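Take a look at the structure below.
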Amino acid sequence: MVETETIVDPQPSKEEEAANGNEEQMPDVQKPSDDSDSDSDSDSDSEDETQAKAQTEALELELYNNPSNYDAYVQYIKLLRKQGDIDKLRQAREAMSALFPLSPEMWREWAKDETTMCSGEDAFPAVEKLYERGLSDYMSVALWCDYLNFVQEYDASVRECSALGISKARDLFERAITAAGLHVAEGGNIWELYREFEQAIFLTIEETDSEAREKQIQRIRNLFHRQLSVPLVDMTSTLLTYKAWEADQGATVDVNSSNCDGLPSHFVSAYHKALGMLNARADFEEKISKKDVDNAERLQEFMTYLKFEQSSGDPARVNILYERAITEFPISSDLWLDYTRYLDKTFKASKIVRDVYNRATRNCPWVGDLWVCYLLCLERCHSSEEELSSVFEKSLQCTFSSFDEYLNVFLTRVDELRRRISASTQVEDGMDYAVIRDIFQRASDYLSPHLKNTDSFLRMHSYWARLESKLGKNMIAARGVWESLLKISGSMLEAWQGYIAMEIEMGHINEARSLYKRCYSKRFAGTGSEEICHLWVRFEREYGSLEDFDLAVQKVTPRLQELQLFKLQQQNQTVSAPTDERENLVGKNVKEKRKPVLSSLDKQSPAKRRKDLDQQNNKAYGNDKGKGRHLAEANEIAQVHDSKEDSTSTKETKNHSPIKPVIYNDQCTAFISNLSLQATEKDLRSFFSDVGGVVAIRILTDKDKRPRGLAYVDFSDDAHLAAAVEKNKQSLLGKRLSIARSDPQRGRGKKPAGRSTKFDRGTADNRRSNAGELESQVSVETSKGGRGPQPHSASQERGDDVQLIGKNTFAMPRNVRALGFPSRNKAQSEEAKEVEDENPKSNDEFRKMFLKIFVSERRVFFIFKHVNSALHVIC
């Protein structure tokens with residue numbers, strides 16, 4: 001029997017006993033000194049008690065505020081055990097056991113304390129239950145040995161070797177052998193206790209009862225044979241003990257030799273086989289028993305050992321090794337997952353697997369996959385609805401690493417209910433489809449703020465709607481599911497497609513048509529807007545009448561033209577990107593070669609430079625008509641350079657030094673308009689959190705530091721910027737944002753004063769900016785409420801009077817007015833006015849007008865690209 005401990009007042013030490021024993025022999029003169037020492041000790045004890053009380057109160061407060069603090073529980077129990085506060089100690093242990101599995105050492109201490117505090121036959125059942133609870137948490141050979149010794153000492157029937165007591169003890173020993181008898185390092189301790197128990201029974205048998213004695217001798221011999229056929233440490237020592245015992249029974253064996261001479265052949269064969277197995281595992285046992293290595297390395301050694309045992313094909317031995325690893329690493333989620341997967345494959349639906357899942361979820365409650373597999377295991381074991389519901393509710397109280405794990409748990413529970421309802425011919429235990437609807441609703445309410453606009457959330461609602469229509473037989477409820485999803489994730493094209501697909505599958509053609517009419521004009525990410533238009537036409541071709549088909553074509557055609565125009569505008573905005581890339585590749589040397597050309601132009605006056613360029617243009621045009629595009633490019637460079645030079649010279653004259661504007665990374669910056677005045681940088685960063693790559697955010701303000709509803713957002717690369725632009729027209733703080741690529745080059749290449757076009761004059765109020773950074777193009781979109789940035793023609797970039805109107809308008813559908821452009825009547829009136837203003841009055845003016853018409857008719861995009869290239873070179 002293992003020696004028990006006490007938590008009551010400590011017993012006096014040997015020194016104290018000696019002092020008490022010699023107290024009467026001490027001289028009287030020493031008494032005052034002893035009293036002084038006693039007072040000092042009492043003061044010290046009082047200080048210790050005060051300090052211990054303060055620590056206890058602090059730990060109680062911590063556990064009240066944070067009941068899941070494992071370390072605080074451990075410290076609290078140690079402190080109460082030291083103080084001997086029995087009632088609080090029991091309450092603390094029970095509270096901790098309800099939340100966490102206790103370690104084998106803590107169970108051993110608890111059982112020993114209860115054994116010491118509660119004497120008598122009445123205390124035995126309570127302590128016995130404690131041992132059973134402890135063994136259900138972890139496999140521990142030491143705890144099993146304590147339990148076996150406790151039963152032999154405190155169970156009267158076992159102690160008196162009654163028939164009932166012997167049977168009870170043998171059943172308990174066999175349980176211990178099954179649970180831990182294969183433990184290579186410590187399993188021999190249980191075998192030894194078992195043999196000692198049987199030998200003690202042999203001594204109680206009377207010598208006259210030779211039959212009973214012979215039967216008991218054979219029982220002990222079988223125990224020796226069983227133990228020596230299992231690979232355990234110290235097998236040689238056990239063999240010598242066995243041979244000595246056989247010698248006592250009259251056998252002729254050499255008790256000092258480790259060979260097997262004189263022993264039965266079947267025993268010798270089993271022993272050598274076990275010895276070979278032990279030698280094969282000796283290296284693994286040595287590696288996992290090292291204490292001077294870190295936990296990660298030891299865990300890896302356990303995994304290597306497990307792979308070896310699995311290759312041997314003995315499930316019992318694999319199970320024991322998993323239990324040993326779990327005891328060492330109880331919160332390793334990977335180890336628990338590997339263990340449960342092995343059990344699912346080997347034992348399938350059994351009580352062993354269910355108990356292991358219960359322990360796994362207690363040790364690692366934050367792993368959603370364990371809860372999912374636990375629910376599936378309970379379903380395979382045909383567990384009751386109450387048990388399944390209880391486990392499901394416990395899982396939802398845990399904290400998982402992602403919301404997809406919560407969704408997986410919800411759907412696993414729905415799957416189980418669906419299978420049970422579908423398989424049953426009648427409602428069982430009052431369970432009906434309303435339970436499934438309630439779980440779906442809880443999942444939607446909880447997950448919608450976190451998983452909206454995700455595929456997983458869409459799949460859940462699709463599953464829900466299908467069950468409403470098929471299992472619940474309620475089409476109205478199914479439509480309600482889709483409508484609730486559209487309120488949350490209406491910007492997802494897939495949500496509309498799923499809704500339409502359900503209606504088509506159910507044969508509700510009119511309902512599907514009405515859905516197409518609702519969504520064809522919506523704005524979806526990527527090419528979704530065009531796709532839904534084409535899907536509608538295809539739908540009417542396959543399901544509708546000719547009138548329905550014609551109506552669909554009539555509806556989607558203007559929409560497709562508008563989307564095509566918007567796409568063209570977006571391409572025009574990024575047309576200068578290849579030029580920028582080429583310039584970056586060329587590098588510093590090419591830039592240095594270009595600088596002298598510009599410097600020579602800088603030395604000339606604007607009028608002189610224009611005259612020289614005109615002469616060069618005329619000469620080039622006369623020599624080679626195929627080089628007309630170079631003439632336009634030269635004029636563009638001259639005019640833009642003139643305006644920039646005039647602006648710069650004015651500033652230098654006024655301030656005696658050139659003012660360099662702040663230029664941000666226009667390749668990776670988004671311009672935001674229609675921003676709520678209450679929006680902060682944090683709000684914008686949260687809005688673009690799903691995009692990522694946000695480097696900096698600048699919200700524009702006026703001179704009084706009041707927000708203007710405009711902002712710049714810098715991104716780390718073009719991929720993140722493109723993803724951010726896809727969020728155009730999404731709402732933030734109740735306002736739909738307008739998002740476009742920033743193009744500061746256009747803002748810096750503004751037209752000289754007094755030479756604005758009709759388009760510029762019509763939106764002049766929207767072109768104000770903070771430090772010259774406001775995007776003129778996106779400002780037009782904001783003021784007009786358009787769908788995106790508007791195109792800038794080459795002539796607008798150049799700053800002259802040529803307009804892309806009438807016959808010269810490029811890629812402009814006649815029946816769709818482009819967003820941001822003037823109305824038809826206004827355009828026609830201004831066109832007539834310009835025709836009058838553009839009557840040539842000299843040969844030079846005639847030549848210029850001819851050049852403009854030539855350029856605008858044949859080379860608009862080419863000029864636009866080269867003008868941007870020239871602007872980059874100048875800037």
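Here's how to read the names in the structure tokens: chain A, B, ... by the order shown, residue numbers from 1 in each chain, ligand numbers from 1 in the order shown.
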Check range 276-482 of chain A with DSSP on the backbone and list each residue it calls alpha helix (DSSP H), as a PyMOL selection string.
chain A and resi 276-288+295-312+315-328+333-346+351-363+368-380+385-396+403-423+433-451+455-470+475-482
Env of Val391 in chain A: 9 Å cut, atoms = only C-alpha atoms, seq-sep filter 3 positions within chain, self excluded. Answer as an MDAnalysis selection string.
chainID A and resid 371 374:375 386:388 394:396
Which residue is closest to Phe671 in chain A? Choose from A:Leu343, A:Leu493, A:Ala711, A:Ile699 and count only C-alpha atoms.
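Checking each of A:Leu343, A:Leu493, A:Ala711, A:Ile699 against Phe671 in chain A, counting only C-alpha atoms, the winner is A:Ala711.
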How far is it from CA of Glu128 in chain A to CA of Cys381 in chain A, in Å with one decimal?
28.9 Å
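Across the model, the gap from CA of Phe197 in chain A to CA of Leu275 in chain A is 25.7 Å.
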Shell of 12 Å around Ala200 in chain A, only C-alpha atoms, local chain residues under 4 positions omitted, as a CSV table (one decimal) with all heavy atoms, in the first residue's frame:
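Below you can see result-v9.csv, which holds the result:
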```csv
chain,number,residue,atom,x,y,z
A,152,GLN,N,-7.2,-3.3,-2.0
A,152,GLN,CA,-6.8,-4.5,-1.2
A,152,GLN,C,-6.7,-4.1,0.3
A,152,GLN,O,-6.9,-5.0,1.2
A,152,GLN,CB,-5.4,-4.9,-1.6
A,152,GLN,CG,-5.3,-5.5,-3.0
A,152,GLN,CD,-3.9,-6.0,-3.4
A,152,GLN,OE1,-3.4,-7.0,-2.9
A,152,GLN,NE2,-3.3,-5.2,-4.3
A,158,VAL,N,-12.1,-8.0,0.1
A,158,VAL,CA,-10.9,-8.3,-0.5
A,158,VAL,C,-9.8,-8.6,0.5
A,158,VAL,O,-9.0,-9.5,0.4
A,158,VAL,CB,-10.4,-7.2,-1.5
A,158,VAL,CG1,-9.0,-7.5,-2.1
A,158,VAL,CG2,-11.4,-6.9,-2.6
A,159,ARG,N,-9.8,-7.8,1.6
A,159,ARG,CA,-8.8,-8.0,2.6
A,159,ARG,C,-9.0,-9.3,3.3
A,159,ARG,O,-8.0,-10.0,3.7
A,159,ARG,CB,-9.0,-6.8,3.6
A,159,ARG,CG,-7.9,-6.8,4.7
A,159,ARG,CD,-8.0,-5.6,5.6
A,159,ARG,NE,-9.2,-5.5,6.3
A,159,ARG,CZ,-10.1,-4.5,6.0
A,159,ARG,NH1,-9.9,-3.6,5.1
A,159,ARG,NH2,-11.3,-4.5,6.7
A,160,GLU,N,-10.2,-9.8,3.5
A,160,GLU,CA,-10.5,-11.1,4.1
A,160,GLU,C,-10.5,-12.2,3.2
A,160,GLU,O,-10.7,-13.4,3.6
A,160,GLU,CB,-11.9,-11.0,4.8
A,160,GLU,CG,-12.0,-9.9,5.9
A,160,GLU,CD,-13.4,-9.7,6.4
A,160,GLU,OE1,-14.3,-10.4,5.9
A,160,GLU,OE2,-13.6,-8.9,7.3
A,161,CYS,N,-10.2,-11.9,1.9
A,161,CYS,CA,-10.1,-13.0,0.9
A,161,CYS,C,-11.3,-13.8,0.8
A,161,CYS,O,-11.3,-15.1,0.6
A,161,CYS,CB,-8.9,-13.9,1.2
A,161,CYS,SG,-7.3,-13.1,0.9
A,166,ILE,N,-12.3,-11.8,-3.7
A,166,ILE,CA,-11.3,-12.3,-4.6
A,166,ILE,C,-11.7,-12.0,-6.1
A,166,ILE,O,-10.9,-11.6,-6.9
A,166,ILE,CB,-11.0,-13.7,-4.3
A,166,ILE,CG1,-10.3,-13.9,-3.0
A,166,ILE,CG2,-10.1,-14.3,-5.5
A,166,ILE,CD1,-10.0,-15.3,-2.6
A,193,LEU,N,2.1,-6.6,-8.9
A,193,LEU,CA,1.0,-6.5,-7.9
A,193,LEU,C,0.0,-7.7,-8.1
A,193,LEU,O,-0.5,-8.2,-7.1
A,193,LEU,CB,0.3,-5.2,-8.0
A,193,LEU,CG,1.0,-4.0,-7.5
A,193,LEU,CD1,0.2,-2.7,-7.8
A,193,LEU,CD2,1.3,-4.1,-6.0
A,194,TYR,N,-0.3,-8.0,-9.3
A,194,TYR,CA,-1.2,-9.1,-9.6
A,194,TYR,C,-0.7,-10.4,-9.0
A,194,TYR,O,-1.4,-11.2,-8.3
A,194,TYR,CB,-1.5,-9.2,-11.1
A,194,TYR,CG,-2.7,-9.9,-11.4
A,194,TYR,CD1,-3.1,-10.1,-12.8
A,194,TYR,CD2,-3.5,-10.6,-10.5
A,194,TYR,CE1,-4.2,-10.8,-13.2
A,194,TYR,CE2,-4.7,-11.3,-10.9
A,194,TYR,CZ,-5.0,-11.4,-12.2
A,194,TYR,OH,-6.2,-12.1,-12.6
A,195,ARG,N,0.6,-10.7,-9.3
A,195,ARG,CA,1.2,-12.0,-8.8
A,195,ARG,C,1.3,-12.0,-7.3
A,195,ARG,O,1.1,-13.0,-6.7
A,195,ARG,CB,2.6,-12.1,-9.4
A,195,ARG,CG,2.6,-12.5,-10.9
A,195,ARG,CD,3.9,-12.8,-11.4
A,195,ARG,NE,4.8,-11.7,-11.6
A,195,ARG,CZ,5.8,-11.4,-10.8
A,195,ARG,NH1,6.1,-12.1,-9.7
A,195,ARG,NH2,6.6,-10.3,-11.0
A,196,GLU,N,1.6,-10.8,-6.7
A,196,GLU,CA,1.7,-10.8,-5.2
A,196,GLU,C,0.3,-11.1,-4.6
A,196,GLU,O,0.2,-11.7,-3.6
A,196,GLU,CB,2.2,-9.4,-4.8
A,196,GLU,CG,3.7,-9.2,-5.1
A,196,GLU,CD,4.2,-7.8,-4.8
A,196,GLU,OE1,3.3,-7.0,-4.3
A,196,GLU,OE2,5.3,-7.5,-4.9
A,204,THR,N,-3.2,-18.4,2.1
A,204,THR,CA,-4.4,-18.6,2.9
A,204,THR,C,-5.0,-20.0,2.7
A,204,THR,O,-5.9,-20.3,3.5
A,204,THR,CB,-5.4,-17.5,2.5
A,204,THR,OG1,-5.8,-17.6,1.2
A,204,THR,CG2,-4.9,-16.1,2.8
A,205,ILE,N,-4.6,-20.7,1.7
A,205,ILE,CA,-5.2,-22.0,1.5
A,205,ILE,C,-4.5,-23.1,2.4
A,205,ILE,O,-3.3,-23.1,2.5
A,205,ILE,CB,-5.0,-22.4,0.0
A,205,ILE,CG1,-5.6,-21.4,-0.9
A,205,ILE,CG2,-5.6,-23.8,-0.3
A,205,ILE,CD1,-5.4,-21.6,-2.4
A,213,ARG,N,-4.7,-25.8,-3.7
A,213,ARG,CA,-3.3,-25.3,-3.7
A,213,ARG,C,-2.7,-25.5,-5.1
A,213,ARG,O,-2.0,-24.6,-5.6
A,213,ARG,CB,-2.4,-26.0,-2.6
A,213,ARG,CG,-2.8,-25.6,-1.2
A,213,ARG,CD,-2.0,-26.4,-0.2
A,213,ARG,NE,-0.6,-26.1,-0.3
A,213,ARG,CZ,0.0,-25.1,0.4
A,213,ARG,NH1,-0.7,-24.3,1.2
A,213,ARG,NH2,1.3,-24.9,0.3
A,216,GLN,N,-4.2,-23.0,-7.5
A,216,GLN,CA,-3.6,-21.7,-7.3
A,216,GLN,C,-2.2,-21.6,-7.8
A,216,GLN,O,-1.8,-20.5,-8.4
A,216,GLN,CB,-3.7,-21.3,-5.8
A,216,GLN,CG,-3.3,-19.9,-5.5
A,216,GLN,CD,-4.3,-18.9,-6.1
A,216,GLN,OE1,-5.4,-19.2,-6.4
A,216,GLN,NE2,-3.8,-17.6,-6.3
A,217,ILE,N,-1.4,-22.6,-7.7
A,217,ILE,CA,-0.1,-22.7,-8.2
A,217,ILE,C,-0.1,-22.5,-9.7
A,217,ILE,O,0.7,-21.8,-10.3
A,217,ILE,CB,0.7,-24.0,-7.8
A,217,ILE,CG1,1.0,-23.9,-6.3
A,217,ILE,CG2,1.9,-24.2,-8.6
A,217,ILE,CD1,1.6,-25.3,-5.8
A,220,ILE,N,-0.8,-18.9,-10.7
A,220,ILE,CA,0.4,-18.0,-10.5
A,220,ILE,C,1.4,-18.3,-11.7
A,220,ILE,O,2.0,-17.4,-12.3
A,220,ILE,CB,1.1,-18.3,-9.2
A,220,ILE,CG1,0.2,-17.9,-8.0
A,220,ILE,CG2,2.4,-17.5,-9.1
A,220,ILE,CD1,0.7,-18.3,-6.7
```
Nearest residue to Thr669 in chain A out of A:Ala740, A:Ile326, A:Met277, A:Ile190, using only C-alpha atoms?
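Closest to Thr669 in chain A, using only C-alpha atoms: A:Ala740.
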Between CA of Leu172 in chain A and CA of Arg341 in chain A, what is the spacing in Å?
29.3 Å
